[in-house]
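**Student:** Please find data_6.pdb (PDB, C-alpha atoms) on the next line:
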ATOM      1  CA  MET A   1      79.310   8.028  21.857
ATOM      2  CA  ARG A   2      77.247   9.462  19.021
ATOM      3  CA  LEU A   3      79.435  12.441  18.388
ATOM      4  CA  GLU A   4      77.340  13.726  15.492
ATOM      5  CA  TYR A   5      74.347  14.072  17.843
ATOM      6  CA  PHE A   6      76.436  15.270  20.790
ATOM      7  CA  LEU A   7      75.162  12.258  22.754
ATOM      8  CA  LEU A   8      78.306  11.190  24.537
ATOM      9  CA  ILE A   9      77.015   8.671  27.070
ATOM     10  CA  ASP A  10      76.333   5.114  25.895
ATOM     11  CA  ARG A  11      75.071   3.541  29.097
ATOM     12  CA  ILE A  12      74.258   4.286  32.705
ATOM     13  CA  VAL A  13      76.225   1.707  34.669
ATOM     14  CA  ASP A  14      75.244   2.732  38.181
ATOM     15  CA  LEU A  15      73.072   5.423  39.722
ATOM     16  CA  ASP A  16      72.938   5.824  43.498
ATOM     17  CA  LEU A  17      70.593   8.645  44.457
ATOM     18  CA  ASP A  18      71.254   8.125  48.175
ATOM     19  CA  LYS A  19      75.001   8.504  47.767
ATOM     20  CA  HIS A  20      74.556  11.167  45.051
ATOM     21  CA  THR A  21      76.793   9.313  42.605
ATOM     22  CA  ILE A  22      76.600   8.042  39.048
ATOM     23  CA  ARG A  23      78.788   6.000  36.763
ATOM     24  CA  THR A  24      78.432   5.813  33.002
ATOM     25  CA  GLU A  25      80.120   4.188  30.039
ATOM     26  CA  ALA A  26      81.235   6.095  26.968
ATOM     27  CA  ASN A  27      82.867   4.366  24.038
ATOM     28  CA  VAL A  28      84.953   6.520  21.757
ATOM     29  CA  PRO A  29      84.078   5.692  18.127
ATOM     30  CA  THR A  30      86.793   4.281  15.922
ATOM     31  CA  THR A  31      85.958   6.731  13.153
ATOM     32  CA  SER A  32      84.586  10.260  13.130
ATOM     33  CA  THR A  33      85.082  13.366  11.010
ATOM     34  CA  ILE A  34      86.327  15.001  14.214
ATOM     35  CA  PHE A  35      89.441  12.855  14.034
ATOM     36  CA  GLU A  36      90.158  14.066  10.510
ATOM     37  CA  GLY A  37      90.912  17.475  11.936
ATOM     38  CA  HIS A  38      91.947  16.584  15.481
ATOM     39  CA  PHE A  39      94.536  15.638  14.345
ATOM     40  CA  PRO A  40      95.433  14.575  10.789
ATOM     41  CA  GLY A  41      97.445  11.383  11.149
ATOM     42  CA  TYR A  42      97.202  11.475  14.956
ATOM     43  CA  PRO A  43      93.553  11.143  16.032
ATOM     44  CA  LEU A  44      92.775  12.279  19.562
ATOM     45  CA  MET A  45      89.500  12.785  21.415
ATOM     46  CA  PRO A  46      89.278  16.573  21.967
ATOM     47  CA  GLY A  47      89.591  17.629  25.587
ATOM     48  CA  VAL A  48      86.483  19.796  25.361
ATOM     49  CA  LEU A  49      84.472  16.693  24.458
ATOM     50  CA  LEU A  50      85.899  14.852  27.451
ATOM     51  CA  ILE A  51      84.748  17.741  29.629
ATOM     52  CA  GLU A  52      81.336  17.593  27.958
ATOM     53  CA  THR A  53      81.250  13.837  28.651
ATOM     54  CA  MET A  54      81.771  14.559  32.356
ATOM     55  CA  ALA A  55      79.099  17.274  32.146
ATOM     56  CA  GLN A  56      76.547  14.932  30.541
ATOM     57  CA  THR A  57      77.234  12.284  33.166
ATOM     58  CA  SER A  58      76.761  14.892  35.906
ATOM     59  CA  GLY A  59      73.607  16.106  34.198
ATOM     60  CA  TRP A  60      72.024  12.656  34.304
ATOM     61  CA  LEU A  61      72.806  12.471  38.023
ATOM     62  CA  LEU A  62      71.267  15.892  38.679
ATOM     63  CA  MET A  63      68.147  15.122  36.654
ATOM     64  CA  GLY A  64      67.672  11.962  38.689
ATOM     65  CA  LEU A  65      68.149  13.793  41.972
ATOM     66  CA  HIS A  66      65.509  16.320  40.858
ATOM     67  CA  LYS A  67      63.123  13.621  39.627
ATOM     68  CA  PHE A  68      63.345  14.793  36.011
ATOM     69  CA  THR A  69      61.566  18.048  36.881
ATOM     70  CA  ARG A  70      64.616  20.126  35.996
ATOM     71  CA  MET A  71      67.155  20.219  33.222
ATOM     72  CA  ALA A  72      70.807  20.684  34.119
ATOM     73  CA  PHE A  73      72.518  23.305  31.968
ATOM     74  CA  PHE A  74      76.309  23.358  32.015
ATOM     75  CA  ALA A  75      77.455  26.709  33.460
ATOM     76  CA  SER A  76      81.122  26.518  34.382
ATOM     77  CA  VAL A  77      84.109  24.241  34.707
ATOM     78  CA  LYS A  78      86.945  24.535  37.200
ATOM     79  CA  GLU A  79      90.191  22.747  37.703
ATOM     80  CA  ALA A  80      89.817  20.702  34.558
ATOM     81  CA  LYS A  81      92.825  18.445  34.102
ATOM     82  CA  LEU A  82      93.371  16.485  30.900
ATOM     83  CA  ARG A  83      95.878  13.959  32.123
ATOM     84  CA  SER A  84      96.428  11.671  29.155
ATOM     85  CA  PHE A  85      95.411  11.253  25.520
ATOM     86  CA  VAL A  86      92.180   9.479  24.624
ATOM     87  CA  THR A  87      92.180   7.765  21.249
ATOM     88  CA  PRO A  88      89.540   6.237  18.917
ATOM     89  CA  GLY A  89      88.073   2.943  20.114
ATOM     90  CA  GLN A  90      88.770   3.384  23.807
ATOM     91  CA  SER A  91      86.098   2.549  26.369
ATOM     92  CA  LEU A  92      85.760   5.163  29.078
ATOM     93  CA  SER A  93      84.322   4.884  32.572
ATOM     94  CA  VAL A  94      82.854   8.203  33.686
ATOM     95  CA  SER A  95      81.790   8.988  37.234
ATOM     96  CA  ALA A  96      80.353  12.001  38.992
ATOM     97  CA  LYS A  97      79.450  12.939  42.549
ATOM     98  CA  LEU A  98      77.295  15.765  43.822
ATOM     99  CA  LEU A  99      79.328  18.310  45.758
ATOM    100  CA  HIS A 100      76.556  20.799  46.439
ATOM    101  CA  ASP A 101      72.856  21.146  45.671
ATOM    102  CA  GLY A 102      72.162  24.874  45.789
ATOM    103  CA  SER A 103      69.096  26.941  44.987
ATOM    104  CA  GLY A 104      68.780  26.679  41.219
ATOM    105  CA  PHE A 105      72.302  25.392  40.764
ATOM    106  CA  ALA A 106      74.476  22.413  41.614
ATOM    107  CA  VAL A 107      78.157  21.562  41.681
ATOM    108  CA  THR A 108      79.647  18.164  40.855
ATOM    109  CA  LYS A 109      83.042  16.562  40.799
ATOM    110  CA  ALA A 110      83.602  14.251  37.851
ATOM    111  CA  GLU A 111      86.299  12.080  36.366
ATOM    112  CA  ILE A 112      86.990   9.752  33.451
ATOM    113  CA  ARG A 113      89.050   6.600  33.624
ATOM    114  CA  HIS A 114      90.342   4.268  30.933
ATOM    115  CA  GLU A 115      91.255   0.758  32.094
ATOM    116  CA  GLY A 116      91.369   2.108  35.640
ATOM    117  CA  LYS A 117      93.731   4.934  34.864
ATOM    118  CA  LEU A 118      92.573   8.500  35.539
ATOM    119  CA  VAL A 119      92.299  10.322  32.214
ATOM    120  CA  CYS A 120      90.728  13.619  33.281
ATOM    121  CA  ASN A 121      88.780  15.256  36.078
ATOM    122  CA  ALA A 122      87.054  18.551  36.846
ATOM    123  CA  GLU A 123      84.637  20.413  39.075
ATOM    124  CA  LEU A 124      81.493  21.405  37.190
ATOM    125  CA  THR A 125      78.676  23.847  37.921
ATOM    126  CA  PHE A 126      75.168  23.647  36.461
ATOM    127  CA  ARG A 127      72.085  25.813  36.446
ATOM    128  CA  LEU A 128      69.017  23.730  37.298
ATOM    129  CA  ILE A 129      65.990  25.048  35.466
ATOM    130  CA  PRO A 130      62.479  23.566  35.233
ATOM    131  CA  PHE A 131      61.909  21.999  31.824
ATOM    132  CA  PRO A 132      60.521  24.813  29.644
ATOM    133  CA  ASN A 133      58.032  22.473  27.992
ATOM    134  CA  PRO A 134      56.806  18.852  28.327
ATOM    135  CA  GLN A 135      58.222  17.888  24.931
ATOM    136  CA  PHE A 136      61.752  18.685  26.033
ATOM    137  CA  ARG A 137      61.341  16.580  29.155
ATOM    138  CA  ALA A 138      59.857  13.702  27.124
ATOM    139  CA  SER A 139      62.810  13.878  24.733
ATOM    140  CA  MET A 140      65.266  13.637  27.602
ATOM    141  CA  GLU A 141      63.367  10.708  29.092
ATOM    142  CA  LYS A 142      63.464   8.953  25.728
ATOM    143  CA  ILE A 143      67.246   9.363  25.594
ATOM    144  CA  ALA A 144      67.380   8.163  29.195
ATOM    145  CA  GLU A 145      65.646   4.938  28.177
ATOM    146  CA  GLN A 146      68.072   4.462  25.308
ATOM    147  CA  ILE A 147      71.046   4.616  27.649
ATOM    148  CA  GLN A 148      69.425   2.267  30.181
ATOM    149  CA  TYR A 149      68.739   4.947  32.757
ATOM    150  CA  PRO A 150      67.070   3.266  35.751
ATOM    151  CA  LEU A 151      63.952   5.409  35.523
ATOM    152  CA  GLU A 152      62.208   3.086  37.969
ATOM    153  CA  ALA A 153      64.650   4.314  40.626
ATOM    154  CA  VAL A 154      63.560   7.883  40.097
ATOM    155  CA  PRO A 155      60.198   8.656  41.683
ATOM    156  CA  HIS A 156      58.561  10.841  39.050
ATOM    157  CA  VAL A 157      56.609  13.989  39.796
TER     158      VAL A 157
ATOM    159  CA  MET B   1      85.913  35.180  64.903
ATOM    160  CA  SER B   2      85.247  37.129  61.727
ATOM    161  CA  SER B   3      81.892  38.730  61.052
ATOM    162  CA  THR B   4      79.444  37.561  58.434
ATOM    163  CA  PHE B   5      80.380  40.591  56.329
ATOM    164  CA  ASP B   6      84.105  39.841  56.519
ATOM    165  CA  THR B   7      83.532  36.270  55.412
ATOM    166  CA  VAL B   8      81.256  37.324  52.547
ATOM    167  CA  ALA B   9      83.591  40.118  51.449
ATOM    168  CA  ASN B  10      86.556  37.759  51.423
ATOM    169  CA  ILE B  11      84.582  35.239  49.371
ATOM    170  CA  ILE B  12      83.619  37.916  46.833
ATOM    171  CA  SER B  13      87.161  39.230  46.679
ATOM    172  CA  GLU B  14      88.636  35.796  46.016
ATOM    173  CA  THR B  15      85.890  34.567  43.698
ATOM    174  CA  CYS B  16      85.627  37.669  41.519
ATOM    175  CA  ASP B  17      89.136  39.053  41.860
ATOM    176  CA  ILE B  18      87.895  42.324  43.332
ATOM    177  CA  GLU B  19      90.144  44.252  45.701
ATOM    178  CA  ARG B  20      88.973  43.652  49.249
ATOM    179  CA  ASP B  21      89.108  47.380  50.081
ATOM    180  CA  LYS B  22      86.500  48.135  47.422
ATOM    181  CA  ILE B  23      83.931  45.836  49.001
ATOM    182  CA  LYS B  24      81.800  47.749  51.525
ATOM    183  CA  PRO B  25      78.650  46.881  53.466
ATOM    184  CA  GLU B  26      76.833  49.440  51.296
ATOM    185  CA  SER B  27      78.096  47.899  48.024
ATOM    186  CA  HIS B  28      75.473  46.497  45.676
ATOM    187  CA  ALA B  29      76.849  43.208  44.387
ATOM    188  CA  ILE B  30      75.475  43.746  40.886
ATOM    189  CA  ASP B  31      75.387  47.520  40.392
ATOM    190  CA  ASP B  32      78.535  48.513  42.304
ATOM    191  CA  LEU B  33      80.748  45.443  42.108
ATOM    192  CA  GLY B  34      79.664  44.265  38.649
ATOM    193  CA  ILE B  35      79.060  40.679  39.728
ATOM    194  CA  ASP B  36      77.014  38.763  37.163
ATOM    195  CA  SER B  37      74.699  35.837  37.713
ATOM    196  CA  LEU B  38      77.319  33.206  36.892
ATOM    197  CA  ASP B  39      79.838  34.651  39.323
ATOM    198  CA  PHE B  40      77.075  34.849  41.890
ATOM    199  CA  LEU B  41      76.614  31.069  41.614
ATOM    200  CA  ASP B  42      80.227  30.640  42.702
ATOM    201  CA  ILE B  43      79.678  33.115  45.529
ATOM    202  CA  ALA B  44      76.481  31.342  46.605
ATOM    203  CA  PHE B  45      78.311  27.995  46.568
ATOM    204  CA  ALA B  46      81.068  29.420  48.788
ATOM    205  CA  ILE B  47      78.582  31.129  51.138
ATOM    206  CA  ASP B  48      76.468  27.961  51.415
ATOM    207  CA  LYS B  49      79.587  25.988  52.301
ATOM    208  CA  ALA B  50      81.020  28.572  54.709
ATOM    209  CA  PHE B  51      77.823  28.976  56.731
ATOM    210  CA  GLY B  52      76.166  25.587  56.232
ATOM    211  CA  ILE B  53      73.055  27.156  54.714
ATOM    212  CA  LYS B  54      71.283  27.279  51.350
ATOM    213  CA  LEU B  55      70.752  30.790  50.028
ATOM    214  CA  PRO B  56      67.246  30.794  48.496
ATOM    215  CA  LEU B  57      68.397  32.412  45.269
ATOM    216  CA  GLU B  58      65.465  31.166  43.218
ATOM    217  CA  GLN B  59      62.949  32.571  45.688
ATOM    218  CA  TRP B  60      64.750  35.911  45.787
ATOM    219  CA  THR B  61      64.942  36.124  42.013
ATOM    220  CA  GLN B  62      61.252  35.316  41.735
ATOM    221  CA  GLU B  63      60.352  38.007  44.272
ATOM    222  CA  VAL B  64      62.398  40.588  42.379
ATOM    223  CA  ASN B  65      60.895  39.554  39.032
ATOM    224  CA  ASP B  66      57.387  39.742  40.502
ATOM    225  CA  GLY B  67      58.034  43.213  41.895
ATOM    226  CA  LYS B  68      57.606  41.993  45.474
ATOM    227  CA  ALA B  69      61.181  42.869  46.416
ATOM    228  CA  THR B  70      64.010  45.032  45.163
ATOM    229  CA  THR B  71      67.490  43.829  44.292
ATOM    230  CA  GLU B  72      68.773  46.115  47.089
ATOM    231  CA  GLN B  73      67.010  43.949  49.672
ATOM    232  CA  TYR B  74      69.110  40.942  48.739
ATOM    233  CA  PHE B  75      72.183  42.163  46.908
ATOM    234  CA  VAL B  76      73.369  45.147  48.937
ATOM    235  CA  LEU B  77      75.948  43.337  51.030
ATOM    236  CA  LYS B  78      74.779  44.472  54.477
ATOM    237  CA  ASN B  79      71.291  43.242  53.562
ATOM    238  CA  LEU B  80      72.676  40.003  52.127
ATOM    239  CA  CYS B  81      74.585  39.456  55.379
ATOM    240  CA  ALA B  82      71.416  40.102  57.391
ATOM    241  CA  ARG B  83      69.642  37.422  55.334
ATOM    242  CA  ILE B  84      72.540  35.046  55.940
ATOM    243  CA  ASP B  85      72.365  35.687  59.697
ATOM    244  CA  GLU B  86      68.620  34.970  59.596
ATOM    245  CA  LEU B  87      69.227  31.671  57.787
ATOM    246  CA  ILE B  88      71.898  30.692  60.306
ATOM    247  CA  ALA B  89      69.554  31.529  63.176
ATOM    248  CA  ALA B  90      66.691  29.597  61.595
ATOM    249  CA  LYS B  91      68.946  26.586  61.169
ATOM    250  CA  ALA B  92      70.045  26.734  64.809
ATOM    251  CA  ALA B  93      66.513  27.162  66.164
ATOM    252  CA  PRO B  94      64.823  24.016  67.497
ATOM    253  CA  ALA B  95      62.255  22.600  65.104
TER     254      ALA B  95
END
Go ahead and render the structure in this file as structure tokens.
**Tutor:**
Amino acid sequence: MRLEYFLLIDRIVDLDLDKHTIRTEANVPTTSTIFEGHFPGYPLMPGVLLIETMAQTSGWLLMGLHKFTRMAFFASVKEAKLRSFVTPGQSLSVSAKLLHDGSGFAVTKAEIRHEGKLVCNAELTFRLIPFPNPQFRASMEKIAEQIQYPLEAVPHV
Amino acid sequence: MSSTFDTVANIISETCDIERDKIKPESHAIDDLGIDSLDFLDIAFAIDKAFGIKLPLEQWTQEVNDGKATTEQYFVLKNLCARIDELIAAKAAPA
């Protein structure tokens, strides 16, 4: 996780476009200014960032399913459950599955596990909007490469 | 078996916390019921699931933006239900 850049996914572990699933890895840094405030003397990964981590994982799935022609913008979260604390240095396994691919929107179900134990889960909705400019798309593809996104598995348009 | 309108009205009532009695076939989802675009995504998700269809929201929005259609054609509930019935029929028709 590069919290200062809001890039929360370190690596794509598995992407299955036929099954509409993705799994990613996100390693919580050992130090961050965030932990100085959340909380002093008792550092915890904020729940909103865990939700964002599930959203980013879902977003990578949706971009793959739409062949990188559309950007997924986080629109709503339902039934978010933060089940246990996440602390600095933990390695998280994040997974998401497509629930529904609508017209201009999509819904996913996502969860985070630490050492096999369910940490949090939620149902997430996204607006799917064509990339407003080629530079934005290129930037996302560059990040995709950095996190080992299997771009070869995504037939580009 | 409930009608398309009953199903849609129940979905709107539950999704947007609007009293069921206030939802009429003549109600405009946006102008009369105050449903915004984000709430409409939840409604579309529920309608898609309930009827096994995919509401072409992007196409409708484009037609309205281009002046080729009015919001009444798609967002007055009796008209929305007519569109849903058409989509169901098209899905059932042999290819």
**Student:** Within 9 Å of Ile30 of chain B, counting only C-alpha atoms, which residues show up once you throw out same-chain ones fewer than 4 positions away? Write them as JSON, numbers by chain, please.
**Tutor:** {"B": [34, 35, 36, 37, 71, 75, 76]}
**Student:** Using only C-alpha atoms, find the one residue out of A:Met63, A:Val13, A:Leu8, A:Val107 that sits nearest to Pro155 of chain A.
**Tutor:** A:Met63
**Student:** Show which residues sit within 10 Å of Leu82 of chain A, as a PyMOL selection string. Count only C-alpha atoms, and ignore same-chain residues fewer than 5 positions away.
**Tutor:** chain A and resi 46-48+50-51+111-112+118-122
**Student:** How close does chain A get to chain B? List, as CSV, each residue of chain A within 10 Å, its nearest atom pair and the distance in Å to one decimal, counting all atoms listed in the file.
**Tutor:**
residue,atom,partner,partner_atom,distance
A:Ala75,CA,B:Leu38,CA,7.3
A:Ser76,CA,B:Leu38,CA,8.1
A:Leu99,CA,B:Phe45,CA,9.8
A:His100,CA,B:Phe45,CA,7.4
A:Asp101,CA,B:Lys54,CA,8.5
A:Gly102,CA,B:Lys54,CA,6.1
A:Ser103,CA,B:Leu57,CA,5.5
A:Gly104,CA,B:Glu58,CA,5.9
A:Phe105,CA,B:Leu41,CA,7.2
A:Ala106,CA,B:Phe45,CA,8.4
A:Val107,CA,B:Phe45,CA,8.1
A:Thr125,CA,B:Leu41,CA,8.4
A:Phe126,CA,B:Leu41,CA,9.2
A:Arg127,CA,B:Leu41,CA,8.7
A:Ile129,CA,B:Glu58,CA,9.9
**Student:** Leu124 of chain A: which residues within 7 Å, counting only C-alpha atoms, same-chain residues fewer than 3 positions away excluded, as a list in words?
**Tutor:**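 Surrounding residues, per the criterion: Ala55, Ser76, Val77, Lys78, Val107, Thr108 and Lys109 of chain A.
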**Student:** Which polymer residues have any atom within 10 Å of an atom of Thr87 of chain A, counting all atoms listed in the file, with same-chain residues fewer than 3 positions away left out, as a list in words?
**Tutor:**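 Skipping anything fewer than 3 positions along the chain leaves Val28, Pro29, Thr30, Phe35, Tyr42, Pro43, Leu44, Met45, Pro46, Ser84, Gln90 and Ser91 of chain A.
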**Student:** What's the 12 Å shell around Phe51 of chain B, counting all atoms listed in the file, without same-chain residues fewer than 2 positions away, as an MDAnalysis selection string?
**Tutor:** chainID B and resid 3:5 7:8 11 44:49 53:55 81 83:89 91:92
**Student:** Just checking: using only C-alpha atoms, which residue out of B:Glu26, B:Asp21, B:Asp31, B:Glu63 ends up closest to Leu80 of chain B?
**Tutor:**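 Distance minimum relative to Leu80 of chain B lands on B:Glu26.
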**Student:** Starting from the shown file, work through the PyMOL selection byres ((chain A and resi 14) around 10) and note down what comes out as a PDB file with C-alpha atoms, keeping the file's coordinate frame.
**Tutor:**
ATOM      1  CA  ARG A  11      75.071   3.541  29.097  1.00  0.00           C
ATOM      2  CA  ILE A  12      74.258   4.286  32.705  1.00  0.00           C
ATOM      3  CA  VAL A  13      76.225   1.707  34.669  1.00  0.00           C
ATOM      4  CA  LEU A  15      73.072   5.423  39.722  1.00  0.00           C
ATOM      5  CA  ASP A  16      72.938   5.824  43.498  1.00  0.00           C
ATOM      6  CA  LEU A  17      70.593   8.645  44.457  1.00  0.00           C
ATOM      7  CA  THR A  21      76.793   9.313  42.605  1.00  0.00           C
ATOM      8  CA  ILE A  22      76.600   8.042  39.048  1.00  0.00           C
ATOM      9  CA  ARG A  23      78.788   6.000  36.763  1.00  0.00           C
ATOM     10  CA  THR A  24      78.432   5.813  33.002  1.00  0.00           C
ATOM     11  CA  GLU A  25      80.120   4.188  30.039  1.00  0.00           C
ATOM     12  CA  SER A  95      81.790   8.988  37.234  1.00  0.00           C
ATOM     13  CA  GLN A 148      69.425   2.267  30.181  1.00  0.00           C
ATOM     14  CA  TYR A 149      68.739   4.947  32.757  1.00  0.00           C
ATOM     15  CA  PRO A 150      67.070   3.266  35.751  1.00  0.00           C
TER      16      PRO A 150
END
**Student:** Given the point (62.9, 12.9, 33.3) in the file's coordinates, find the residues that have an atom at most 12 Å from it, counting only C-alpha atoms, and give them as number ranges by chain.
**Tutor:** A: 59-72, 130-131, 133-145, 149-157
**Student:** Quick one, how far is atom CA of Asn79 of chain B from atom CA of Pro94 of chain B?
**Tutor:**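 Pair atom CA of Asn79 of chain B / atom CA of Pro94 of chain B returns 24.6 Å.
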**Student:** Expressed in Å to a single decimal, how great is the separation between atom CA of Gln56 of chain A and atom CA of Glu79 of chain A?
**Tutor:** 17.3 Å
**Student:** Just checking: using all atoms listed in the file, which residue out of B:Ile18, B:Gly52, B:Gly67, B:Glu72 ends up closest to Ala90 of chain B?
**Tutor:**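 Result for the nearest residue to Ala90 of chain B: B:Gly52.
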**Student:** Provide an axis-aligned box for all listed atoms of segment 4-15 of chain A, padding each side by 6 Å; report its centre and its edge lengths in Å to one decimal, as JSON.
**Tutor:**
{"center_x": 75.7, "center_y": 8.5, "center_z": 27.6, "size_x": 17.2, "size_y": 25.6, "size_z": 36.2}
**Student:** In Å to one decimal, how far is atom CA of Met54 of chain A from atom CA of Thr33 of chain A?
**Tutor:**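 Atom-to-atom, atom CA of Thr33 of chain A to atom CA of Met54 of chain A, that is 21.6 Å.
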